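For reference, protein05.txt (compact mmCIF, C-alpha atoms):
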```txt
# COMPACT_ATOMS: atom_id res chain seq x y z
CA GLU A 1 3.39 16.42 19.09
CA TYR A 2 0.13 14.57 19.64
CA ASP A 3 -0.48 11.79 22.16
CA ALA A 4 -2.98 9.30 20.73
CA GLY A 5 -3.04 7.32 23.96
CA LYS A 6 -2.46 3.96 22.27
CA HIS A 7 -0.13 2.44 19.71
CA ILE A 8 -0.55 3.89 16.21
CA TYR A 9 -0.78 1.02 13.71
CA SER A 10 -1.62 2.71 10.42
CA SER A 11 0.55 4.94 8.31
CA PRO A 12 -0.64 8.56 8.42
CA ALA A 13 -2.34 10.24 5.46
CA VAL A 14 -2.34 14.01 4.96
CA TYR A 15 -5.14 15.86 3.14
CA ASP A 16 -5.95 19.60 3.33
CA ASN A 17 -3.57 20.27 6.26
CA THR A 18 -5.09 17.47 8.32
CA VAL A 19 -3.35 14.26 9.39
CA PHE A 20 -5.47 11.09 9.52
CA PHE A 21 -4.41 7.79 11.11
CA GLY A 22 -5.79 4.67 12.75
CA CYS A 23 -4.96 3.74 16.31
CA GLY A 24 -5.06 0.98 18.90
CA ASP A 25 -7.85 2.84 20.69
CA LYS A 26 -10.18 1.67 17.86
CA HIS A 27 -10.52 5.21 16.49
CA LEU A 28 -9.58 7.02 13.31
CA HIS A 29 -8.00 10.32 14.38
CA ALA A 30 -8.03 13.64 12.53
CA ILE A 31 -5.29 16.04 13.67
CA ASP A 32 -4.60 19.62 12.66
CA LEU A 33 -1.25 19.49 10.86
CA LYS A 34 0.01 22.85 12.15
CA LYS A 35 -1.39 22.86 15.69
CA GLY A 36 -1.19 19.15 16.48
CA GLU A 37 -4.67 19.28 17.97
CA ASN A 38 -7.46 16.75 17.59
CA ILE A 39 -10.25 17.80 15.21
CA TRP A 40 -12.38 14.67 15.53
CA LYS A 41 -12.21 10.95 16.31
CA PHE A 42 -14.28 8.26 14.61
CA GLU A 43 -14.98 5.13 16.66
CA THR A 44 -14.90 1.59 15.27
CA LYS A 45 -15.07 -1.80 16.97
CA GLY A 46 -11.45 -2.81 16.38
CA ASN A 47 -7.93 -1.54 15.88
CA ILE A 48 -7.20 0.21 12.58
CA VAL A 49 -4.13 -0.87 10.59
CA SER A 50 -5.36 0.36 7.21
CA CYS A 51 -4.10 3.76 6.01
CA PRO A 52 -7.04 5.89 4.81
CA ALA A 53 -7.42 6.94 1.16
CA GLU A 54 -9.41 10.01 0.09
CA GLU A 55 -11.59 11.01 -2.83
CA ASN A 56 -14.03 13.95 -3.01
CA GLY A 57 -13.77 14.72 0.69
CA VAL A 58 -14.46 11.18 1.87
CA LEU A 59 -11.99 8.91 3.69
CA PHE A 60 -11.96 5.15 3.05
CA PHE A 61 -10.33 2.58 5.33
CA GLY A 62 -10.76 -0.90 6.75
CA GLY A 63 -10.71 -2.22 10.29
CA ILE A 64 -9.68 -5.31 12.22
CA ASP A 65 -13.42 -5.55 13.01
CA SER A 66 -13.88 -6.76 9.38
CA VAL A 67 -15.74 -3.57 8.41
CA PHE A 68 -14.81 -1.17 5.61
CA TYR A 69 -15.71 2.47 6.35
CA ALA A 70 -16.46 5.66 4.43
CA VAL A 71 -16.21 8.77 6.63
CA ASP A 72 -16.66 12.45 5.84
CA MET A 73 -13.19 14.01 5.99
CA ASN A 74 -14.38 17.33 7.44
CA THR A 75 -16.95 16.21 10.01
CA GLY A 76 -15.85 12.69 10.95
CA LYS A 77 -19.39 11.43 10.29
CA GLU A 78 -20.02 7.99 8.85
CA LYS A 79 -21.33 7.86 5.28
CA TRP A 80 -21.60 4.10 4.91
CA THR A 81 -20.04 0.79 5.97
CA PHE A 82 -19.45 -2.53 4.27
CA LYS A 83 -19.01 -5.82 6.16
CA THR A 84 -16.49 -8.42 4.98
CA GLY A 85 -15.86 -11.94 6.26
CA HIS A 86 -12.61 -11.26 8.09
CA MET A 87 -10.31 -8.49 9.29
CA ILE A 88 -8.96 -5.84 6.91
CA SER A 89 -5.31 -4.82 7.15
CA SER A 90 -4.93 -3.79 3.51
CA SER A 91 -4.96 -0.07 2.78
CA PRO A 92 -7.36 0.86 -0.03
CA ALA A 93 -6.79 2.48 -3.41
CA VAL A 94 -9.45 4.74 -4.92
CA SER A 95 -10.00 6.11 -8.43
CA ASN A 96 -12.94 7.44 -10.45
CA GLY A 97 -15.62 6.55 -7.92
CA ILE A 98 -14.33 3.03 -7.19
CA VAL A 99 -12.49 2.00 -4.02
CA VAL A 100 -10.64 -1.33 -3.94
CA PHE A 101 -9.16 -3.31 -1.05
CA GLY A 102 -8.38 -6.81 0.13
CA SER A 103 -9.76 -8.66 3.16
CA HIS A 104 -8.40 -11.66 5.05
CA ASP A 105 -11.53 -13.52 3.95
CA SER A 106 -9.54 -14.08 0.68
CA TYR A 107 -11.70 -11.70 -1.37
CA PHE A 108 -10.62 -8.63 -3.27
CA TYR A 109 -13.48 -6.06 -3.24
CA ALA A 110 -14.46 -3.07 -5.37
CA LEU A 111 -17.12 -0.74 -3.96
CA ASP A 112 -18.94 2.31 -5.27
CA THR A 113 -17.59 5.30 -3.34
CA GLU A 114 -20.97 7.07 -3.13
CA SER A 115 -23.16 4.22 -1.92
CA GLY A 116 -20.80 1.54 -0.63
CA LYS A 117 -22.46 -0.93 -3.00
CA GLU A 118 -20.35 -3.90 -4.01
CA LEU A 119 -19.44 -3.65 -7.69
CA TRP A 120 -17.47 -6.89 -7.87
CA LYS A 121 -15.24 -9.17 -5.88
CA ILE A 122 -12.51 -11.66 -6.75
CA LYS A 123 -11.87 -14.75 -4.69
CA THR A 124 -8.16 -15.38 -4.94
CA GLY A 125 -8.12 -18.69 -3.10
CA TYR A 126 -5.42 -17.38 -0.79
CA ARG A 127 -5.63 -16.75 2.91
CA ALA A 128 -4.59 -13.21 3.60
CA PHE A 129 -4.37 -9.75 2.12
CA GLU A 130 -1.67 -7.76 3.90
CA THR A 131 -0.55 -5.62 0.98
CA SER A 132 -2.35 -2.73 -0.68
CA PRO A 133 -3.53 -2.43 -4.28
CA ALA A 134 -2.29 0.01 -6.90
CA ILE A 135 -4.45 1.53 -9.65
CA SER A 136 -3.24 2.73 -13.06
CA ASP A 137 -5.20 3.35 -16.28
CA ASN A 138 -8.39 1.62 -15.06
CA THR A 139 -6.38 -1.43 -14.03
CA VAL A 140 -5.86 -2.59 -10.46
CA PHE A 141 -2.80 -4.55 -9.31
CA LEU A 142 -2.59 -6.63 -6.15
CA THR A 143 0.17 -8.74 -4.63
CA VAL A 144 -0.84 -11.83 -2.68
CA ARG A 145 1.35 -13.26 0.06
CA GLU A 146 1.39 -16.72 -1.48
CA GLY A 147 3.40 -15.47 -4.45
CA PHE A 148 1.08 -13.91 -7.05
CA LEU A 149 0.75 -10.53 -8.71
CA ILE A 150 -2.78 -10.09 -10.09
CA SER A 151 -3.98 -7.60 -12.71
CA ALA A 152 -7.74 -6.94 -13.02
CA ASP A 153 -10.02 -4.50 -14.82
CA LEU A 154 -11.04 -1.77 -12.37
CA LYS A 155 -14.64 -1.49 -13.61
CA THR A 156 -15.54 -5.15 -14.08
CA GLY A 157 -13.12 -7.12 -11.93
CA LYS A 158 -12.19 -9.34 -14.85
CA ILE A 159 -8.72 -10.78 -14.31
CA ASN A 160 -6.31 -9.78 -17.06
CA TRP A 161 -3.40 -11.94 -15.96
CA LYS A 162 -1.56 -13.47 -13.02
CA PHE A 163 2.20 -13.40 -12.56
CA LYS A 164 3.48 -16.22 -10.36
CA THR A 165 6.68 -16.16 -8.34
CA GLU A 166 8.09 -18.95 -6.20
CA SER A 167 8.36 -16.60 -3.23
CA GLU A 168 6.39 -15.01 -0.45
CA ILE A 169 5.24 -11.43 -1.13
CA ARG A 170 4.71 -8.78 1.53
CA SER A 171 5.52 -5.81 -0.69
CA SER A 172 2.69 -3.75 -2.21
CA PRO A 173 2.95 -3.04 -5.95
CA ALA A 174 3.97 0.26 -7.53
CA VAL A 175 3.36 1.26 -11.14
CA GLY A 176 5.46 3.39 -13.49
CA ASN A 177 6.80 3.47 -17.06
CA GLY A 178 4.48 0.69 -18.17
CA LEU A 179 5.77 -1.67 -15.47
CA VAL A 180 4.56 -2.86 -12.09
CA PHE A 181 7.17 -3.44 -9.38
CA PHE A 182 7.21 -5.47 -6.17
CA GLY A 183 9.60 -7.38 -3.93
CA THR A 184 9.72 -10.84 -2.33
CA CYS A 185 10.83 -11.77 1.15
CA ASP A 186 11.94 -15.36 1.50
CA TYR A 187 15.40 -16.74 0.69
CA ARG A 188 15.05 -15.79 -3.01
CA ASN A 189 14.63 -12.06 -2.32
CA TYR A 190 13.99 -10.54 -5.74
CA ILE A 191 12.63 -7.19 -6.87
CA PHE A 192 10.48 -7.82 -9.98
CA ALA A 193 9.46 -5.62 -12.89
CA VAL A 194 6.43 -6.91 -14.83
CA ASP A 195 4.82 -5.50 -17.99
CA VAL A 196 1.45 -3.98 -17.06
CA LYS A 197 -0.22 -5.06 -20.31
CA THR A 198 1.08 -8.58 -20.85
CA GLY A 199 1.97 -9.75 -17.34
CA LYS A 200 5.36 -10.89 -18.60
CA GLY A 201 8.48 -10.36 -16.50
CA LYS A 202 10.69 -7.53 -17.77
CA TRP A 203 13.57 -7.90 -15.33
CA LYS A 204 14.37 -9.03 -11.80
CA PHE A 205 17.18 -8.24 -9.38
CA LYS A 206 18.32 -10.48 -6.53
CA THR A 207 19.37 -9.04 -3.17
CA ASP A 208 20.87 -10.78 -0.16
CA GLY A 209 18.07 -9.66 2.16
CA TYR A 210 14.28 -9.83 2.29
CA ILE A 211 12.19 -7.09 0.66
CA LYS A 212 9.09 -6.09 2.63
CA SER A 213 9.46 -2.46 1.59
CA SER A 214 6.98 -1.37 -1.07
CA PRO A 215 8.83 0.39 -3.88
CA ALA A 216 8.46 3.99 -5.04
CA VAL A 217 8.81 5.00 -8.69
CA THR A 218 9.84 8.15 -10.56
CA ASP A 219 10.19 8.62 -14.30
CA GLU A 220 13.62 7.00 -14.30
CA LEU A 221 14.30 5.36 -10.95
CA LEU A 222 12.85 2.67 -8.69
CA TYR A 223 13.58 2.91 -4.96
CA PHE A 224 13.15 0.27 -2.27
CA GLY A 225 14.48 -0.74 1.13
CA CYS A 226 15.90 -4.14 2.04
CA GLY A 227 16.44 -6.36 5.05
CA ASN A 228 20.20 -6.37 4.34
CA ARG A 229 20.38 -2.81 5.71
CA HIS A 230 20.49 -1.04 2.37
CA ILE A 231 18.39 1.33 0.27
CA TYR A 232 18.50 0.70 -3.48
CA ALA A 233 17.93 2.84 -6.58
CA HIS A 234 17.51 1.08 -9.96
CA ASN A 235 16.77 2.16 -13.50
CA THR A 236 13.09 1.33 -14.02
CA LEU A 237 13.44 0.12 -17.61
CA THR A 238 16.65 -1.91 -17.45
CA GLY A 239 16.86 -2.90 -13.78
CA LYS A 240 20.43 -1.64 -13.60
CA ARG A 241 21.42 -0.65 -10.08
CA MET A 242 22.30 3.03 -9.97
CA TRP A 243 23.31 3.19 -6.32
CA LYS A 244 22.78 1.66 -2.92
CA LEU A 245 23.13 3.21 0.52
CA GLN A 246 23.95 1.35 3.71
CA THR A 247 21.67 2.03 6.67
CA MET A 248 21.90 1.41 10.41
CA GLY A 249 19.11 -1.17 10.47
CA GLU A 250 16.87 -3.40 8.37
CA VAL A 251 14.63 -1.31 6.10
CA ASP A 252 11.03 -2.57 6.26
CA SER A 253 9.41 0.80 5.58
CA SER A 254 8.42 2.09 2.17
CA PRO A 255 10.07 5.15 0.62
CA ALA A 256 8.30 8.45 0.02
CA ILE A 257 9.31 10.93 -2.68
CA TYR A 258 8.97 14.68 -2.20
CA LYS A 259 10.19 16.83 -5.11
CA ASN A 260 13.79 15.58 -5.61
CA MET A 261 14.06 14.09 -2.13
CA LEU A 262 13.79 10.41 -1.17
CA ILE A 263 12.63 9.82 2.42
CA ILE A 264 12.81 6.40 4.07
CA GLY A 265 13.57 4.98 7.51
CA ASP A 266 14.75 2.08 9.62
CA ASN A 267 15.25 3.33 13.19
CA THR A 268 16.45 6.56 11.60
CA ILE A 269 14.77 8.72 8.96
CA TYR A 270 16.96 9.26 5.88
CA ALA A 271 16.44 12.13 3.44
CA ILE A 272 18.42 11.57 0.25
CA GLU A 273 18.65 14.24 -2.44
CA GLU A 274 18.77 13.13 -6.05
CA LYS A 275 20.84 15.46 -8.23
```

If you convert what's in this file into structure tokens, what do you get?
Amino acid sequence: EYDAGKHIYSSPAVYDNTVFFGCGDKHLHAIDLKKGENIWKFETKGNIVSCPAEENGVLFFGGIDSVFYAVDMNTGKEKWTFKTGHMISSSPAVSNGIVVFGSHDSYFYALDTESGKELWKIKTGYRAFETSPAISDNTVFLTVREGFLISADLKTGKINWKFKTESEIRSSPAVGNGLVFFGTCDYRNYIFAVDVKTGKGKWKFKTDGYIKSSPAVTDELLYFGCGNRHIYAHNTLTGKRMWKLQTMGEVDSSPAIYKNMLIIGDNTIYAIEEK
């Protein structure tokens, strides 16, 4: 047990037996996983909602102070910063020396992980980035609250396609089996499967509750939580529902998969074994 002193806004990330998370005390904390003791704290000028991503021993995350940070994972020392035009609540994705994230200034940024130099940016024309990007095969996918899924080339930022829904999106995308998945959260309440290459819809499934939960994907199954107090499992290729499980509360959190175990929570943490 570790007392951070303030509300913890960001999801934790675990690398090399160390837990990293952002906090309402305007610090990124590094905690020893086994001892629960603080290793270091990195100070920013605002609360940290963004969950850090790691590559080559460097942590990347954004702050409500509109700054994107690169911090040495072992020492807690700053490597570089990048200033955007508004707060950052999106958690980054990183691959092959490129880190990507969205800012509430309506831009989608790609930075060089070594130098922090801007490689490209996309102006979406939309107000806010609350979701987090996904990267697969040198392609980056981003959901935008105003109802778009965007596919762009990771190296150049060239937009491949846009998939438009008629709904609000607060679910981050997940990629698997040649499809990208996300949910919507107004009265329509669909989970969508979209072809990663063409941007064409493969299937969609309507629920009777909002979907803020970001899905998780295995080789065969797609998992997500729903505001109707259920957890769902669907076949990734056909969209057929394989099972659903009633919960005690609305499921806003995103599932995690460990070996053959699905872990997700409302006010209770559920561990569900797939046989």

Per residue of segment 152-215 of chain A within 12 Å of segment 86-108 of chain A, note the shortest atom pair and the distance in Å to one decimal, counting all atoms listed in the file, and order the rows by chain and increasing residue number, as a tab-separated table.
```
residue	atom	partner	partner_atom	distance
A:Ala152	CA	A:Phe108	CA	10.3
A:Asp153	CA	A:Val100	CA	11.3
A:Leu154	CA	A:Ile98	CA	7.8
A:Lys155	CA	A:Ile98	CA	7.9
A:Thr156	CA	A:Ile98	CA	10.8
A:Gly157	CA	A:Phe108	CA	9.1
A:Lys158	CA	A:Phe108	CA	11.7
A:Ile159	CA	A:Phe108	CA	11.4
A:Arg170	CA	A:Ser90	CA	11.0
A:Ser171	CA	A:Ser90	CA	11.4
A:Ser172	CA	A:Ser90	CA	9.5
A:Pro173	CA	A:Ala93	CA	11.5
A:Ala174	CA	A:Ala93	CA	11.7
```

> If you count only C-alpha atoms, which residues fall within 12 Å of segment 61-67 of chain A, apart from same-chain ones fewer than 6 positions away, as a PyMOL selection string?
Replying inline: chain A and resi 9-13+20-28+42-55+73+78+80-94+99-105+109+111+113+116+129-130+132

Output C-alpha atoms for every residue in the selection just made, as a PDB file, in the coordinates of the input.
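Generated file (result-v1.pdb):
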```pdb
ATOM      1  CA  TYR A   9      -0.780   1.020  13.710  1.00  0.00           C
ATOM      2  CA  SER A  10      -1.620   2.710  10.420  1.00  0.00           C
ATOM      3  CA  SER A  11       0.550   4.940   8.310  1.00  0.00           C
ATOM      4  CA  PRO A  12      -0.640   8.560   8.420  1.00  0.00           C
ATOM      5  CA  ALA A  13      -2.340  10.240   5.460  1.00  0.00           C
ATOM      6  CA  PHE A  20      -5.470  11.090   9.520  1.00  0.00           C
ATOM      7  CA  PHE A  21      -4.410   7.790  11.110  1.00  0.00           C
ATOM      8  CA  GLY A  22      -5.790   4.670  12.750  1.00  0.00           C
ATOM      9  CA  CYS A  23      -4.960   3.740  16.310  1.00  0.00           C
ATOM     10  CA  GLY A  24      -5.060   0.980  18.900  1.00  0.00           C
ATOM     11  CA  ASP A  25      -7.850   2.840  20.690  1.00  0.00           C
ATOM     12  CA  LYS A  26     -10.180   1.670  17.860  1.00  0.00           C
ATOM     13  CA  HIS A  27     -10.520   5.210  16.490  1.00  0.00           C
ATOM     14  CA  LEU A  28      -9.580   7.020  13.310  1.00  0.00           C
ATOM     15  CA  PHE A  42     -14.280   8.260  14.610  1.00  0.00           C
ATOM     16  CA  GLU A  43     -14.980   5.130  16.660  1.00  0.00           C
ATOM     17  CA  THR A  44     -14.900   1.590  15.270  1.00  0.00           C
ATOM     18  CA  LYS A  45     -15.070  -1.800  16.970  1.00  0.00           C
ATOM     19  CA  GLY A  46     -11.450  -2.810  16.380  1.00  0.00           C
ATOM     20  CA  ASN A  47      -7.930  -1.540  15.880  1.00  0.00           C
ATOM     21  CA  ILE A  48      -7.200   0.210  12.580  1.00  0.00           C
ATOM     22  CA  VAL A  49      -4.130  -0.870  10.590  1.00  0.00           C
ATOM     23  CA  SER A  50      -5.360   0.360   7.210  1.00  0.00           C
ATOM     24  CA  CYS A  51      -4.100   3.760   6.010  1.00  0.00           C
ATOM     25  CA  PRO A  52      -7.040   5.890   4.810  1.00  0.00           C
ATOM     26  CA  ALA A  53      -7.420   6.940   1.160  1.00  0.00           C
ATOM     27  CA  GLU A  54      -9.410  10.010   0.090  1.00  0.00           C
ATOM     28  CA  GLU A  55     -11.590  11.010  -2.830  1.00  0.00           C
ATOM     29  CA  MET A  73     -13.190  14.010   5.990  1.00  0.00           C
ATOM     30  CA  GLU A  78     -20.020   7.990   8.850  1.00  0.00           C
ATOM     31  CA  TRP A  80     -21.600   4.100   4.910  1.00  0.00           C
ATOM     32  CA  THR A  81     -20.040   0.790   5.970  1.00  0.00           C
ATOM     33  CA  PHE A  82     -19.450  -2.530   4.270  1.00  0.00           C
ATOM     34  CA  LYS A  83     -19.010  -5.820   6.160  1.00  0.00           C
ATOM     35  CA  THR A  84     -16.490  -8.420   4.980  1.00  0.00           C
ATOM     36  CA  GLY A  85     -15.860 -11.940   6.260  1.00  0.00           C
ATOM     37  CA  HIS A  86     -12.610 -11.260   8.090  1.00  0.00           C
ATOM     38  CA  MET A  87     -10.310  -8.490   9.290  1.00  0.00           C
ATOM     39  CA  ILE A  88      -8.960  -5.840   6.910  1.00  0.00           C
ATOM     40  CA  SER A  89      -5.310  -4.820   7.150  1.00  0.00           C
ATOM     41  CA  SER A  90      -4.930  -3.790   3.510  1.00  0.00           C
ATOM     42  CA  SER A  91      -4.960  -0.070   2.780  1.00  0.00           C
ATOM     43  CA  PRO A  92      -7.360   0.860  -0.030  1.00  0.00           C
ATOM     44  CA  ALA A  93      -6.790   2.480  -3.410  1.00  0.00           C
ATOM     45  CA  VAL A  94      -9.450   4.740  -4.920  1.00  0.00           C
ATOM     46  CA  VAL A  99     -12.490   2.000  -4.020  1.00  0.00           C
ATOM     47  CA  VAL A 100     -10.640  -1.330  -3.940  1.00  0.00           C
ATOM     48  CA  PHE A 101      -9.160  -3.310  -1.050  1.00  0.00           C
ATOM     49  CA  GLY A 102      -8.380  -6.810   0.130  1.00  0.00           C
ATOM     50  CA  SER A 103      -9.760  -8.660   3.160  1.00  0.00           C
ATOM     51  CA  HIS A 104      -8.400 -11.660   5.050  1.00  0.00           C
ATOM     52  CA  ASP A 105     -11.530 -13.520   3.950  1.00  0.00           C
ATOM     53  CA  TYR A 109     -13.480  -6.060  -3.240  1.00  0.00           C
ATOM     54  CA  LEU A 111     -17.120  -0.740  -3.960  1.00  0.00           C
ATOM     55  CA  THR A 113     -17.590   5.300  -3.340  1.00  0.00           C
ATOM     56  CA  GLY A 116     -20.800   1.540  -0.630  1.00  0.00           C
ATOM     57  CA  PHE A 129      -4.370  -9.750   2.120  1.00  0.00           C
ATOM     58  CA  GLU A 130      -1.670  -7.760   3.900  1.00  0.00           C
ATOM     59  CA  SER A 132      -2.350  -2.730  -0.680  1.00  0.00           C
TER      60      SER A 132
END
```

> With only C-alpha atoms as the atoms that count, which of A:Ser214, A:Arg241, A:Thr268, A:Ile169 lies nearest to Ala256 of chain A?
Replying inline: A:Ser214

> For Asn160 of chain A, which of A:Thr143, A:Asn177, A:Thr198, A:Thr131 is the closest residue, counting only C-alpha atoms?
Replying inline: A:Thr198

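Counting all atoms listed in the file and comparing A:Arg229, A:Lys164, A:His234, A:Lys240, the residue that lies closest to Lys200 of chain A is A:Lys164.
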
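Relative to atom CA of Thr236 of chain A, atom CA of Leu222 of chain A is found at 5.5 Å.
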
>> Counting only C-alpha atoms, find residues at most 6 Å from (-20.5, -3.3, -7.0) (file frame) and give them as JSON, numbers by chain.
In response: {"A": [111, 117, 118, 119, 120]}

>> Could you list, as a VMD selection string, every residue within 12 Å of His230 of chain A, counting only C-alpha atoms and ignoring same-chain residues fewer than 4 positions away?
In response: chain A and resid 207 to 211 213 223 to 226 243 to 253 264 to 266 270

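Closest approach to Gly176 of chain A among A:Phe141, A:Lys197, A:Ser136, A:Lys204: A:Ser136, based on only C-alpha atoms.
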
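Residues surrounding Gly57 of chain A within 10 Å are Tyr15, Asp16, Glu54, Glu55, Leu59, Val71, Asp72, Met73, Asn74 and Thr75 of chain A [all atoms listed in the file; sequence separation below 2 positions excluded].
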
> What does the distance between atom CA of Ile257 of chain A and atom CA of Val14 of chain A come to in Å, to one decimal place?
Replying inline: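 Taking atom CA of Ile257 of chain A as the start and atom CA of Val14 of chain A as the end point, the length is 14.3 Å.
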
>> As an exercise, work out the distance from atom CA of Pro255 of chain A to atom CA of Tyr232 of chain A in Å and give it to one decimal place.
In response: 10.4 Å
